[in-house]
Each structure stands twice: as C-alpha cells, then as structure tokens.
$ cat start-v8.txt   # compact mmCIF, C-alpha atoms
# COMPACT_ATOMS: atom_id res chain seq x y z
CA MET A 23 16.76 35.78 35.27
CA ILE A 24 17.96 32.37 36.35
CA ASN A 25 18.36 33.66 39.90
CA LEU A 26 14.73 34.73 39.92
CA ILE A 27 13.51 31.39 38.58
CA TRP A 28 15.51 29.48 41.15
CA VAL A 29 14.27 31.54 44.07
CA PHE A 30 10.74 31.45 42.68
CA LEU A 31 10.75 27.64 42.55
CA MET A 32 12.04 27.33 46.10
CA VAL A 33 9.90 30.00 47.74
CA THR A 34 6.65 29.03 45.98
CA SER A 35 7.23 25.44 47.04
CA ILE A 36 7.74 26.38 50.68
CA VAL A 37 4.68 28.63 50.77
CA PHE A 38 2.69 25.96 48.96
CA ALA A 39 3.79 23.36 51.48
CA MET A 40 2.58 25.57 54.36
CA PHE A 41 -0.98 25.53 53.07
CA ASN A 42 -0.88 22.09 51.54
CA GLY A 43 0.44 20.24 54.56
CA THR A 44 3.35 18.80 52.58
CA MET A 45 6.18 20.10 54.78
CA GLU A 46 7.40 16.61 55.51
CA GLU A 47 7.68 15.76 51.82
CA VAL A 48 9.45 19.07 51.18
CA ASN A 49 11.94 18.34 53.94
CA LYS A 50 12.72 14.99 52.44
CA ALA A 51 12.92 16.44 48.93
CA VAL A 52 15.63 18.93 49.89
CA PHE A 53 18.07 16.23 50.89
CA GLU A 54 16.99 13.67 48.33
CA GLY A 55 17.29 16.22 45.54
CA ALA A 56 20.79 17.14 46.61
CA ARG A 57 21.85 13.51 46.92
CA GLU A 58 20.39 12.64 43.54
CA ALA A 59 22.17 15.55 41.84
CA VAL A 60 25.53 14.35 43.12
CA THR A 61 24.73 10.73 42.19
CA LEU A 62 23.85 11.84 38.67
CA CYS A 63 27.06 13.84 38.31
CA ILE A 64 29.10 10.88 39.50
CA GLY A 65 27.26 8.91 36.83
CA PHE A 66 28.22 11.55 34.25
CA ILE A 67 31.90 10.97 35.02
CA SER A 68 31.90 7.51 33.46
CA ILE A 69 30.23 8.56 30.23
CA LEU A 70 32.01 11.89 29.91
CA VAL A 71 35.46 10.41 30.53
CA PHE A 72 34.89 7.73 27.94
CA TRP A 73 33.24 9.96 25.39
CA LEU A 74 35.59 12.94 25.65
CA GLY A 75 38.53 10.53 25.56
CA LEU A 76 37.26 8.98 22.38
CA MET A 77 36.50 12.36 20.85
CA LYS A 78 40.07 13.49 21.52
CA ILE A 79 41.19 10.69 19.19
CA ALA A 80 38.63 11.81 16.60
CA GLN A 81 39.86 15.41 16.91
CA ASP A 82 43.58 14.76 16.74
CA SER A 83 43.35 12.27 13.92
CA GLY A 84 41.53 14.86 11.81
CA LEU A 85 38.32 12.83 11.66
CA LEU A 86 36.13 15.64 13.02
CA ASP A 87 37.52 18.10 10.45
CA LYS A 88 36.83 15.58 7.70
CA PHE A 89 33.33 15.16 9.00
CA SER A 90 32.63 18.88 9.22
CA ASN A 91 33.83 19.36 5.62
CA LEU A 92 31.00 17.09 4.49
CA PHE A 93 28.64 19.90 5.46
CA ARG A 94 30.49 22.63 3.59
CA PRO A 95 28.26 22.55 0.47
CA VAL A 96 25.12 22.71 2.63
CA ALA A 97 26.58 25.47 4.81
CA LYS A 98 27.25 27.60 1.69
CA LYS A 99 23.54 27.47 0.89
CA ILE A 100 22.55 28.27 4.49
CA PHE A 101 24.96 31.21 4.73
CA PRO A 102 24.73 32.96 1.34
CA ASP A 103 26.28 36.17 2.73
CA ILE A 104 29.63 34.56 3.60
CA PRO A 105 32.22 34.94 0.81
CA ASP A 106 33.75 31.79 -0.67
CA ASN A 107 36.73 30.35 1.21
CA HIS A 108 36.38 32.79 4.10
CA PRO A 109 37.91 31.30 7.29
CA VAL A 110 34.70 31.92 9.27
CA MET A 111 33.11 28.95 7.52
CA GLY A 112 35.71 26.69 9.15
CA TYR A 113 34.76 27.93 12.63
CA ILE A 114 31.05 27.56 11.94
CA LEU A 115 31.49 23.99 10.68
CA SER A 116 33.75 22.97 13.59
CA ASN A 117 31.29 24.47 16.05
CA MET A 118 28.42 22.52 14.50
CA THR A 119 30.39 19.28 14.55
CA ALA A 120 31.44 19.80 18.18
CA ASN A 121 27.80 20.33 19.14
CA MET A 122 26.70 17.24 17.23
CA PHE A 123 29.09 15.05 19.18
CA GLY A 124 28.31 16.50 22.58
CA LEU A 125 31.52 18.53 22.92
CA GLY A 126 29.88 21.61 24.43
CA ASN A 127 33.12 22.88 25.98
CA ALA A 128 34.88 22.81 22.63
CA ALA A 129 31.90 24.26 20.78
CA THR A 130 31.59 27.51 22.74
CA PRO A 131 35.03 29.05 21.95
CA LEU A 132 34.62 28.06 18.29
CA GLY A 133 31.18 29.67 18.22
CA ILE A 134 32.49 32.90 19.74
CA LYS A 135 35.35 32.93 17.23
CA ALA A 136 32.81 32.51 14.43
CA MET A 137 30.73 35.39 15.82
CA GLU A 138 33.83 37.63 15.92
CA GLU A 139 34.50 36.95 12.26
CA LEU A 140 30.86 37.46 11.35
CA LYS A 141 30.93 40.81 13.14
CA LYS A 142 33.98 41.84 11.07
CA LEU A 143 32.15 40.79 7.91
CA ASN A 144 29.27 43.02 9.02
CA GLY A 145 31.57 46.03 9.31
CA GLY A 146 31.98 45.74 13.09
CA LYS A 147 28.47 47.03 13.80
CA ASP A 148 26.81 46.16 17.11
CA GLU A 149 23.73 44.71 15.46
CA ALA A 150 23.14 41.08 14.56
CA SER A 151 23.66 40.40 10.86
CA ARG A 152 21.65 37.91 8.85
CA SER A 153 24.40 35.27 9.09
CA MET A 154 24.69 35.78 12.85
CA THR A 155 20.99 35.13 13.37
CA THR A 156 21.18 32.02 11.21
CA PHE A 157 24.22 30.76 13.10
CA LEU A 158 22.47 31.37 16.41
CA VAL A 159 19.37 29.52 15.26
CA ILE A 160 21.43 26.52 14.15
CA ASN A 161 23.08 26.47 17.56
CA THR A 162 19.87 26.61 19.55
CA ALA A 163 18.12 23.98 17.46
CA SER A 164 21.39 21.99 17.49
CA ILE A 165 21.63 18.71 15.62
CA THR A 166 22.66 16.08 18.16
CA ILE A 167 24.11 12.68 17.39
CA ILE A 168 25.12 11.42 20.82
CA PRO A 169 23.22 12.95 23.79
CA THR A 170 25.77 11.88 26.43
CA THR A 171 24.17 13.28 29.60
CA VAL A 172 20.70 11.99 28.68
CA LEU A 173 22.16 8.51 28.14
CA SER A 174 23.78 8.70 31.55
CA ILE A 175 20.55 9.76 33.30
CA ARG A 176 18.63 6.94 31.61
CA MET A 177 21.27 4.44 32.72
CA ASN A 178 21.15 5.79 36.26
CA TYR A 179 17.39 5.19 36.51
CA GLY A 180 17.61 1.66 35.13
CA SER A 181 16.37 2.00 31.56
CA VAL A 182 16.00 -1.32 29.76
CA SER A 183 17.51 0.31 26.70
CA PRO A 184 19.23 3.65 27.43
CA ALA A 185 20.34 4.08 23.81
CA GLU A 186 16.90 3.60 22.23
CA ILE A 187 16.41 7.37 22.11
CA VAL A 188 19.53 7.97 19.99
CA VAL A 189 17.88 7.73 16.56
CA PRO A 190 14.72 9.60 17.66
CA THR A 191 16.96 12.38 19.01
CA ILE A 192 18.92 12.56 15.75
CA ILE A 193 15.71 12.71 13.72
CA ALA A 194 13.98 15.23 16.00
CA SER A 195 17.00 17.53 16.21
CA THR A 196 17.68 17.40 12.48
CA ALA A 197 14.06 18.03 11.54
CA SER A 198 13.76 20.94 13.96
CA THR A 199 17.04 22.45 12.74
CA VAL A 200 15.82 22.31 9.14
CA CYS A 201 12.50 23.92 10.14
CA ALA A 202 14.33 26.60 12.11
CA ILE A 203 16.57 27.45 9.14
CA LEU A 204 13.52 27.67 6.86
CA ILE A 205 11.70 29.99 9.27
CA ASP A 206 14.80 32.14 9.64
CA ARG A 207 14.98 32.39 5.85
CA TRP A 208 11.27 33.12 5.56
CA ILE A 209 11.36 35.93 8.12
CA TYR A 210 14.43 37.42 6.45
CA ASN A 211 12.83 37.34 3.00
CA ARG A 212 9.61 38.88 4.23
CA LYS A 213 11.44 41.76 5.87
CA ASN A 214 13.63 42.29 2.85
CA ARG A 215 10.68 42.47 0.51
CA ARG A 216 9.12 45.12 2.69
CA ARG A 217 12.30 47.14 2.63
CA VAL A 218 12.46 47.03 -1.19
CA LYS A 219 8.89 48.30 -1.47
CA MET B 13 10.67 0.28 13.61
CA GLU B 14 12.82 -2.71 14.54
CA ILE B 15 15.50 -1.59 12.12
CA ILE B 16 15.57 1.86 13.70
CA ALA B 17 15.78 0.39 17.19
CA GLY B 18 18.69 -1.66 15.82
CA ILE B 19 20.44 1.44 14.50
CA SER B 20 20.08 3.09 17.91
CA LEU B 21 21.91 0.15 19.46
CA TRP B 22 24.57 -0.10 16.77
CA ILE B 23 25.44 3.55 16.30
CA ILE B 24 27.65 4.01 19.37
CA PRO B 25 29.72 0.80 19.12
CA VAL B 26 30.20 1.29 15.36
CA LEU B 27 31.28 4.89 15.93
CA ILE B 28 33.78 3.74 18.59
CA GLY B 29 35.25 1.12 16.27
CA PHE B 30 35.47 3.53 13.37
CA ILE B 31 37.18 6.28 15.38
CA LEU B 32 39.75 3.81 16.76
CA LEU B 33 40.52 2.35 13.33
CA TYR B 34 40.77 5.79 11.73
CA GLY B 35 43.06 7.02 14.49
CA THR B 36 45.33 3.99 14.15
CA TRP B 37 45.41 4.39 10.38
CA LYS B 38 46.43 8.05 10.81
CA ARG B 39 49.11 6.85 13.27
CA VAL B 40 47.98 8.89 16.28
CA PRO B 41 48.64 7.39 19.75
CA ALA B 42 45.02 6.35 20.34
CA TYR B 43 45.23 5.21 23.94
CA GLU B 44 47.32 8.16 25.10
CA LEU B 45 44.94 10.62 23.46
CA PHE B 46 42.00 8.81 25.01
CA VAL B 47 43.45 9.22 28.49
CA GLU B 48 44.26 12.86 27.88
CA GLY B 49 40.77 13.65 26.63
CA GLY B 50 39.20 11.63 29.42
CA LYS B 51 40.73 13.87 32.07
CA GLU B 52 38.62 16.69 30.67
CA GLY B 53 35.53 14.55 31.31
CA ILE B 54 36.26 14.36 35.04
CA LYS B 55 36.58 18.14 35.23
CA VAL B 56 33.32 18.67 33.35
CA ALA B 57 31.37 16.21 35.49
CA PHE B 58 32.61 17.69 38.77
CA SER B 59 32.02 21.26 37.66
CA ILE B 60 28.33 20.50 37.04
CA ILE B 61 27.73 19.31 40.63
CA PRO B 62 26.85 22.67 42.27
CA PHE B 63 24.67 23.77 39.34
CA LEU B 64 22.72 20.56 39.22
CA THR B 65 22.42 20.29 43.01
CA GLY B 66 20.84 23.74 43.25
CA MET B 67 18.44 23.09 40.43
CA LEU B 68 17.50 19.54 41.37
CA VAL B 69 16.73 20.53 44.97
CA ALA B 70 14.50 23.36 43.72
CA ILE B 71 12.69 21.05 41.33
CA SER B 72 12.33 18.20 43.85
CA VAL B 73 10.90 20.60 46.40
CA PHE B 74 8.59 22.08 43.79
CA ARG B 75 7.26 18.61 43.03
CA ALA B 76 7.08 17.42 46.65
CA SER B 77 5.17 20.49 47.85
CA GLY B 78 2.42 19.87 45.32
CA ALA B 79 3.14 23.15 43.54
CA MET B 80 4.28 21.29 40.42
CA GLU B 81 1.02 19.36 40.23
CA PHE B 82 -0.99 22.58 40.64
CA PHE B 83 1.07 24.42 38.02
CA VAL B 84 1.00 21.55 35.54
CA GLY B 85 -2.74 21.17 36.07
CA LEU B 86 -3.28 24.65 34.63
CA PHE B 87 -2.06 23.43 31.26
CA ARG B 88 -3.86 20.12 31.33
CA PRO B 89 -7.17 21.07 29.67
CA VAL B 90 -5.44 22.46 26.57
CA LEU B 91 -2.70 19.84 26.25
CA ASP B 92 -5.04 16.90 26.88
CA PHE B 93 -6.88 17.91 23.76
CA PHE B 94 -3.71 17.22 21.72
CA GLY B 95 -2.77 14.12 23.67
CA ILE B 96 0.34 15.82 25.08
CA PRO B 97 1.21 14.94 28.70
CA SER B 98 1.15 18.22 30.64
CA GLU B 99 3.94 16.93 32.94
CA ILE B 100 6.33 17.99 30.20
CA VAL B 101 5.44 21.73 30.51
CA PRO B 102 8.12 22.64 33.11
CA LEU B 103 10.80 21.17 30.84
CA ALA B 104 9.44 23.04 27.82
CA ILE B 105 9.49 26.33 29.74
CA LEU B 106 12.94 25.92 31.31
CA ARG B 107 14.79 24.34 28.36
CA PRO B 108 15.52 27.62 26.51
CA ILE B 109 16.34 29.50 29.74
CA SER B 110 18.77 27.32 31.67
CA GLY B 111 20.60 24.19 30.63
CA ASN B 112 21.10 23.00 34.20
CA ALA B 113 17.49 23.63 35.22
CA ALA B 114 16.39 21.65 32.17
CA LEU B 115 18.80 18.86 33.05
CA GLY B 116 17.31 18.85 36.55
CA VAL B 117 13.75 18.65 35.24
CA THR B 118 14.68 15.92 32.77
CA SER B 119 16.21 13.75 35.48
CA ASP B 120 13.26 14.48 37.79
CA LEU B 121 10.81 13.38 35.07
CA ILE B 122 12.85 10.26 34.28
CA ALA B 123 13.09 9.42 37.99
CA THR B 124 9.37 10.01 38.61
CA TYR B 125 7.87 8.35 35.54
CA GLY B 126 10.64 5.93 34.56
CA PRO B 127 13.12 6.16 31.67
CA ASP B 128 11.06 3.83 29.47
CA SER B 129 7.72 5.61 29.97
CA PHE B 130 6.31 7.95 27.35
CA ILE B 131 7.13 10.99 29.48
CA GLY B 132 10.62 9.67 30.20
CA ARG B 133 11.34 9.15 26.51
CA LEU B 134 9.83 12.47 25.49
CA ALA B 135 11.91 14.28 28.13
CA SER B 136 15.03 12.44 26.89
CA VAL B 137 14.48 13.48 23.29
CA MET B 138 13.49 17.05 24.15
CA GLN B 139 16.51 17.50 26.40
CA GLY B 140 18.82 16.06 23.75
CA SER B 141 17.47 17.83 20.70
CA THR B 142 17.56 21.51 21.65
CA ASP B 143 20.06 23.79 23.27
CA THR B 144 19.73 26.64 25.76
CA THR B 145 18.69 29.54 23.51
CA LEU B 146 19.16 32.30 26.09
CA TYR B 147 22.59 31.03 27.10
CA ILE B 148 23.81 30.91 23.53
CA LEU B 149 22.35 34.32 22.81
CA THR B 150 23.99 35.98 25.83
CA VAL B 151 27.33 34.18 25.55
CA TYR B 152 27.83 34.41 21.78
CA PHE B 153 26.47 37.91 21.28
CA GLY B 154 27.81 39.13 24.62
CA ALA B 155 31.36 37.99 23.83
CA VAL B 156 31.55 40.02 20.64
CA GLY B 157 29.46 42.99 21.80
CA ILE B 158 26.30 42.66 19.75
CA LYS B 159 23.63 44.89 21.28
CA LYS B 160 20.90 44.94 18.65
CA ILE B 161 19.86 41.33 18.50
CA GLY B 162 17.16 41.81 15.87
CA ASP B 163 14.88 38.83 15.37
CA SER B 164 17.32 36.28 16.76
CA LEU B 165 15.58 35.73 20.13
CA LYS B 166 12.20 35.38 18.44
CA ILE B 167 13.50 32.93 15.84
CA GLY B 168 15.46 31.02 18.49
CA LEU B 169 12.34 30.53 20.61
CA ILE B 170 10.27 29.53 17.57
CA ALA B 171 12.99 26.98 16.81
CA ASP B 172 12.68 25.59 20.34
CA PHE B 173 8.93 25.34 20.00
CA ILE B 174 9.30 23.46 16.73
CA SER B 175 11.77 21.14 18.45
CA TYR B 176 9.15 20.26 21.06
CA ILE B 177 6.48 19.48 18.48
CA VAL B 178 8.90 17.40 16.42
CA SER B 179 10.14 15.55 19.54
CA PHE B 180 6.57 14.76 20.53
CA ALA B 181 5.75 13.53 17.01
CA VAL B 182 8.91 11.42 16.74
CA VAL B 183 8.48 9.80 20.16
CA SER B 184 4.79 9.09 19.42
CA ILE B 185 5.67 7.47 16.10
CA PHE B 186 8.56 5.41 17.47
CA PHE B 187 7.23 4.27 20.80
CA GLY B 188 3.44 4.59 20.45
CA SER B 189 1.32 7.51 21.61
CA ALA B 190 0.92 8.70 25.19
CA LEU B 191 -2.66 7.44 25.37
CA SER B 192 -2.03 3.77 24.57
$ encode --input "start-v8.txt" --output "structure tokens"
Amino acid sequence: MINLIWVFLMVTSIVFAMFNGTMEEVNKAVFEGAREAVTLCIGFISILVFWLGLMKIAQDSGLLDKFSNLFRPVAKKIFPDIPDNHPVMGYILSNMTANMFGLGNAATPLGIKAMEELKKLNGGKDEASRSMTTFLVINTASITIIPTTVLSIRMNYGSVSPAEIVVPTIIASTASTVCAILIDRWIYNRKNRRRVK
Amino acid sequence: MEIIAGISLWIIPVLIGFILLYGTWKRVPAYELFVEGGKEGIKVAFSIIPFLTGMLVAISVFRASGAMEFFVGLFRPVLDFFGIPSEIVPLAILRPISGNAALGVTSDLIATYGPDSFIGRLASVMQGSTDTTLYILTVYFGAVGIKKIGDSLKIGLIADFISYIVSFAVVSIFFGSALS
C-alpha cells in the first residue's frame, strides 16, 4: 500500500506539473526535498543520542519499571480478561511506558511479546481476542510524553519555543487514548449483548 | 495558560534531573549508560534517512507541482465550516498509513507555514499524539499470526480520528483558534 501511495504522489505531481507549468518548481523540489530530509535526520541525531542515552539510565536504574507499575491498577480495569499476576501484564505495561517516552525501538519487541502471550491466553486461535484489540487501540492512540522527533523538526525550522507543544501533546494523546478505550469497550459490549440475545 | 506554557518548558529539564538523581541513588554508572544508550540514537537517526528522503521528495514535489493545493482545495468547503485548516488533510490521511510519510508531511507543513503558526502547532501535536495504526496492526498481528483481525482496524482508525479532533481542540484552546 505504501508503495502505491509513494508512486501516486510522485506520478500525479509530475503529470500535474505538465499541465500546470510548474516543472521548474518540481525540479527544484526534488533536490530540495532530498536535502531537507537529510538535514532533518542529522538534526534527529542530536536529540535521539541525548534522549536514548538518558533513557538507558532510566531503564537500567529500574525507573521505567517503577513508572510502568503505577499504571498496573488502571491496566487491570482496561484488560479485565487478563488473569491476576499473569506475566503478559508486565509486557503490556513496559510497552506502554516505552511508547510514552519515545522509545519506539524498545516498544515493538515488547508489544510483540505481549501479543504472543495474549494469543496463548486466547487458546492460540488466529483471531484477535478482546484484549488484543484493546492493546492495539492503546498503541495506535499512544500516550506520548516527549515527542522527540517533533521537537527536533521544530528546532530545525527555528521555532521560538520548540517545547511549547509538549503539554498539548500529552493532553491530546491522553484524551484520545481514553476515548479510544471507551469506544473499544462500547463496541465490545454492544456485540456481546447481541450475542446473548 | 501561562502555567501550562511553564510546565511545557520545565518538564524536560526536570525529567533529566530526576533521572540522573535516581540513577545515582541506585548506584548505576550514569555517564557510561548514557553513552551506551546514545550510540543507539545515532543508528536510529541514520536508518531513517532513506525513508524520510523518499517521502519528503514525494511530498515536496506534490506541493511544488500544485497538486497539493488542488487536492487540499477539495476539502476546503467542508473544513472551513468548522474552522479547520484544510492544509492538515494530507497529514490526517497519511498518519495512520505510514509513519515516515506522516513525518515528511509534518516537516513540510512546519517548513511551509512555520513552527509557531497554527498549522505548524497542529501538525506537531497531531504527529506526536497518534501512532501508525496500519504499521502496528501488521507488525503486531503479523508477528504472532493473527488472521482474523475483527474490529481492531475499525476501532484503530476511529481512535486516530478522535486524536485529530482532540488535537485540533487542544491547540485551539492553548494557542488561539485558526481564524484569529
């Protein structure tokens, strides 16, 4: 799908430029776009090195585990199908914490591990269980505390205050995650009621 | 509002201080761990280069040719009614599909309209507050062999849509509406 979108963007633009007389702009945009992408990535290095370095301290000192345990009582309510003290809860919580702090690379293996366990809990079937859907929804809505790449882009383009979007991002991502969980619950309940009837 | 702007400024430095103090209290070698973790950051940043280059060229060309303006214009009549800038539509469409395409659009919007404009702030919050639904669906379910995905795609996309509305509301409340 992503291949199609990419080709679509490029080809439509070129055809558009033919009729629109914007070939010169398109020419320029090819090389400027490429240069800007590399400049941005070089900009990411500074923030990512610093942030991932700092997060390594938070991981190894046990701070992230402490933090994720704060959410355990809430997670129990969100995942009522998971038995008490089942190890999968640990994976789910670590995955959520990793996502919150912008550790995408650490979050993915934890998320897959959680899915494996959830599949076992669901008897190894190849269909998504209720908990799996909920977990997926939490991941896509994703509560974010520090949006590292966005901060870097804002710095690159000379924002007066790159960090001013931190609190709005926290609020927006938390509110949308809560809404997403409620909708997930609502859809589940509605289906279940129908099944009982 | 001033307090919240203050928190935005304080949150990162306070977090840094706290992590360093906690690490020292737990007797972990803070500086050595920092260096070790930082190496990962270099790898991550370099590995994004080809993805972002491909996407950013496509998006720059799309804008430069005038196709973007045409496409965005289709949504203008409806979105104007709600006071939503239609320039944000490409980001809203691509965000659930591809993380790198979304990153490309976000940086294109910030570059074109400025990081401190309404569109720039809205793009920043939208980019930061949702994740790539399709990627997560394929990677997580693909890795463990889930074939019947049930309602998860539908709910995931609804969640993204809610994220957009909430982002728009939050940015309007914090920084003033798009019209002013």
$ closest_residue --input "start-v8.txt" --among "A:His108, A:Ala136, A:Glu186, A:Ile175" --to "Glu58 (chain A)" --atoms "all atoms listed in the file"
A:Ile175
$ residues_around --input "start-v8.txt" --residues "Leu115 (chain B)" --least-positions-apart "2" --cutoff "10 Å" --atoms "only C-alpha atoms" --output "tab-separated table (two decimals) with C-alpha atoms, keeping the file's coordinate frame"
chain	number	residue	atom	x	y	z
A	59	ALA	CA	22.17	15.55	41.84
A	171	THR	CA	24.17	13.28	29.60
A	172	VAL	CA	20.70	11.99	28.68
A	175	ILE	CA	20.55	9.76	33.30
B	63	PHE	CA	24.67	23.77	39.34
B	64	LEU	CA	22.72	20.56	39.22
B	67	MET	CA	18.44	23.09	40.43
B	68	LEU	CA	17.50	19.54	41.37
B	103	LEU	CA	10.80	21.17	30.84
B	106	LEU	CA	12.94	25.92	31.31
B	107	ARG	CA	14.79	24.34	28.36
B	110	SER	CA	18.77	27.32	31.67
B	111	GLY	CA	20.60	24.19	30.63
B	112	ASN	CA	21.10	23.00	34.20
B	113	ALA	CA	17.49	23.63	35.22
B	117	VAL	CA	13.75	18.65	35.24
B	118	THR	CA	14.68	15.92	32.77
B	119	SER	CA	16.21	13.75	35.48
B	120	ASP	CA	13.26	14.48	37.79
B	121	LEU	CA	10.81	13.38	35.07
B	135	ALA	CA	11.91	14.28	28.13
B	136	SER	CA	15.03	12.44	26.89
B	139	GLN	CA	16.51	17.50	26.40
B	140	GLY	CA	18.82	16.06	23.75
$ atom_distance --input "start-v8.txt" --atom1 "CA of Phe53 (chain A)" --atom2 "CA of Ile131 (chain B)"
24.6 Å
$ residues_near_point --input "start-v8.txt" --point "(18.6, 19.9, 8.0)" --cutoff "12 Å" --atoms "all atoms listed in the file" --output "ChimeraX atom specification"
/A:93,96-97,99-100,160,163-166,192-204
$ closest_residue --input "start-v8.txt" --among "B:Met80, B:Ile158, B:Ile177, B:Ile23" --to "chain A" --atoms "all atoms listed in the file"
B:Ile158
$ atom_distance --input "start-v8.txt" --atom1 "CA of Val71 (chain A)" --atom2 "CA of Ala56 (chain A)"
22.8 Å
$ residues_around --input "start-v8.txt" --residues "Val52 (chain A)" --least-positions-apart "5" --cutoff "7 Å" --atoms "only C-alpha atoms" --output "list in words"
Val69, Ser72 and Val73 of chain B
$ atom_distance --input "start-v8.txt" --atom1 "CA of Ser175 (chain B)" --atom2 "CA of Arg216 (chain A)"
28.8 Å
$ residues_around --input "start-v8.txt" --residues "region 73-78 of chain A" --least-positions-apart "3" --cutoff "12 Å" --atoms "all atoms listed in the file" --output "NGL selection string"
(:A and (66-70 or 81-87 or 119-128 or 168-171 or 173-174)) or (:B and (24-25 or 27-35 or 40-57))
$ residues_around --input "start-v8.txt" --residues "Phe83 (chain B)" --least-positions-apart "3" --cutoff "12 Å" --atoms "only C-alpha atoms" --output "number ranges by chain"
A: 31, 34-35, 38; B: 74-75, 77-80, 86-88, 98-102, 105
$ decode --input "start-v8.txt" --residues "region 119-146 of chain A" --atoms "N, CA and C atoms" --output "PDB file, in the first residue's frame"
ATOM      1  N   THR A 119       4.956   2.180  28.514  1.00  0.00           N
ATOM      2  CA  THR A 119       5.924   3.142  29.029  1.00  0.00           C
ATOM      3  C   THR A 119       6.948   3.502  27.956  1.00  0.00           C
ATOM      4  N   ALA A 120       7.432   2.484  27.221  1.00  0.00           N
ATOM      5  CA  ALA A 120       8.419   2.746  26.169  1.00  0.00           C
ATOM      6  C   ALA A 120       7.838   3.697  25.133  1.00  0.00           C
ATOM      7  N   ASN A 121       6.571   3.490  24.761  1.00  0.00           N
ATOM      8  CA  ASN A 121       5.936   4.386  23.805  1.00  0.00           C
ATOM      9  C   ASN A 121       5.803   5.805  24.352  1.00  0.00           C
ATOM     10  N   MET A 122       5.452   5.906  25.621  1.00  0.00           N
ATOM     11  CA  MET A 122       5.283   7.230  26.230  1.00  0.00           C
ATOM     12  C   MET A 122       6.556   8.053  26.149  1.00  0.00           C
ATOM     13  N   PHE A 123       7.700   7.373  26.316  1.00  0.00           N
ATOM     14  CA  PHE A 123       8.957   8.113  26.364  1.00  0.00           C
ATOM     15  C   PHE A 123       9.699   8.104  25.032  1.00  0.00           C
ATOM     16  N   GLY A 124       8.979   7.773  23.974  1.00  0.00           N
ATOM     17  CA  GLY A 124       9.570   7.873  22.641  1.00  0.00           C
ATOM     18  C   GLY A 124      10.600   6.794  22.341  1.00  0.00           C
ATOM     19  N   LEU A 125      10.479   5.623  22.989  1.00  0.00           N
ATOM     20  CA  LEU A 125      11.426   4.544  22.732  1.00  0.00           C
ATOM     21  C   LEU A 125      10.784   3.521  21.795  1.00  0.00           C
ATOM     22  N   GLY A 126      10.484   3.952  20.575  1.00  0.00           N
ATOM     23  CA  GLY A 126       9.783   3.093  19.624  1.00  0.00           C
ATOM     24  C   GLY A 126      10.488   1.770  19.392  1.00  0.00           C
ATOM     25  N   ASN A 127      11.824   1.803  19.301  1.00  0.00           N
ATOM     26  CA  ASN A 127      12.582   0.580  19.023  1.00  0.00           C
ATOM     27  C   ASN A 127      12.485  -0.437  20.151  1.00  0.00           C
ATOM     28  N   ALA A 128      12.346   0.066  21.383  1.00  0.00           N
ATOM     29  CA  ALA A 128      12.214  -0.841  22.513  1.00  0.00           C
ATOM     30  C   ALA A 128      10.775  -1.309  22.641  1.00  0.00           C
ATOM     31  N   ALA A 129       9.839  -0.472  22.186  1.00  0.00           N
ATOM     32  CA  ALA A 129       8.416  -0.781  22.372  1.00  0.00           C
ATOM     33  C   ALA A 129       7.964  -1.941  21.494  1.00  0.00           C
ATOM     34  N   THR A 130       8.468  -1.997  20.249  1.00  0.00           N
ATOM     35  CA  THR A 130       7.964  -3.004  19.311  1.00  0.00           C
ATOM     36  C   THR A 130       8.184  -4.454  19.786  1.00  0.00           C
ATOM     37  N   PRO A 131       9.435  -4.844  20.163  1.00  0.00           N
ATOM     38  CA  PRO A 131       9.590  -6.229  20.634  1.00  0.00           C
ATOM     39  C   PRO A 131       8.732  -6.539  21.858  1.00  0.00           C
ATOM     40  N   LEU A 132       8.585  -5.567  22.755  1.00  0.00           N
ATOM     41  CA  LEU A 132       7.751  -5.790  23.947  1.00  0.00           C
ATOM     42  C   LEU A 132       6.293  -5.999  23.542  1.00  0.00           C
ATOM     43  N   GLY A 133       5.845  -5.219  22.546  1.00  0.00           N
ATOM     44  CA  GLY A 133       4.473  -5.328  22.081  1.00  0.00           C
ATOM     45  C   GLY A 133       4.210  -6.685  21.441  1.00  0.00           C
ATOM     46  N   ILE A 134       5.188  -7.160  20.652  1.00  0.00           N
ATOM     47  CA  ILE A 134       5.034  -8.464  20.002  1.00  0.00           C
ATOM     48  C   ILE A 134       4.999  -9.575  21.043  1.00  0.00           C
ATOM     49  N   LYS A 135       5.876  -9.437  22.046  1.00  0.00           N
ATOM     50  CA  LYS A 135       5.908 -10.410  23.152  1.00  0.00           C
ATOM     51  C   LYS A 135       4.540 -10.437  23.851  1.00  0.00           C
ATOM     52  N   ALA A 136       3.985  -9.259  24.078  1.00  0.00           N
ATOM     53  CA  ALA A 136       2.665  -9.184  24.722  1.00  0.00           C
ATOM     54  C   ALA A 136       1.610  -9.870  23.858  1.00  0.00           C
ATOM     55  N   MET A 137       1.663  -9.630  22.543  1.00  0.00           N
ATOM     56  CA  MET A 137       0.693 -10.251  21.637  1.00  0.00           C
ATOM     57  C   MET A 137       0.804 -11.778  21.677  1.00  0.00           C
ATOM     58  N   GLU A 138       2.052 -12.293  21.724  1.00  0.00           N
ATOM     59  CA  GLU A 138       2.260 -13.739  21.806  1.00  0.00           C
ATOM     60  C   GLU A 138       1.544 -14.330  23.017  1.00  0.00           C
ATOM     61  N   GLU A 139       1.747 -13.642  24.151  1.00  0.00           N
ATOM     62  CA  GLU A 139       1.131 -14.128  25.388  1.00  0.00           C
ATOM     63  C   GLU A 139      -0.392 -14.038  25.313  1.00  0.00           C
ATOM     64  N   LEU A 140      -0.865 -12.949  24.706  1.00  0.00           N
ATOM     65  CA  LEU A 140      -2.318 -12.783  24.595  1.00  0.00           C
ATOM     66  C   LEU A 140      -2.911 -13.868  23.699  1.00  0.00           C
ATOM     67  N   LYS A 141      -2.139 -14.253  22.684  1.00  0.00           N
ATOM     68  CA  LYS A 141      -2.609 -15.312  21.790  1.00  0.00           C
ATOM     69  C   LYS A 141      -2.711 -16.630  22.564  1.00  0.00           C
ATOM     70  N   LYS A 142      -1.709 -16.908  23.417  1.00  0.00           N
ATOM     71  CA  LYS A 142      -1.752 -18.123  24.233  1.00  0.00           C
ATOM     72  C   LYS A 142      -2.975 -18.102  25.142  1.00  0.00           C
ATOM     73  N   LEU A 143      -3.231 -16.928  25.733  1.00  0.00           N
ATOM     74  CA  LEU A 143      -4.396 -16.802  26.622  1.00  0.00           C
ATOM     75  C   LEU A 143      -5.690 -17.063  25.863  1.00  0.00           C
ATOM     76  N   ASN A 144      -5.669 -16.799  24.565  1.00  0.00           N
ATOM     77  CA  ASN A 144      -6.865 -16.959  23.733  1.00  0.00           C
ATOM     78  C   ASN A 144      -6.895 -18.356  23.100  1.00  0.00           C
ATOM     79  N   GLY A 145      -6.104 -19.261  23.642  1.00  0.00           N
ATOM     80  CA  GLY A 145      -6.109 -20.634  23.142  1.00  0.00           C
ATOM     81  C   GLY A 145      -5.397 -20.802  21.815  1.00  0.00           C
ATOM     82  N   GLY A 146      -4.507 -19.861  21.464  1.00  0.00           N
ATOM     83  CA  GLY A 146      -3.718 -19.986  20.239  1.00  0.00           C
ATOM     84  C   GLY A 146      -4.497 -19.810  18.952  1.00  0.00           C
TER      85      GLY A 146
END
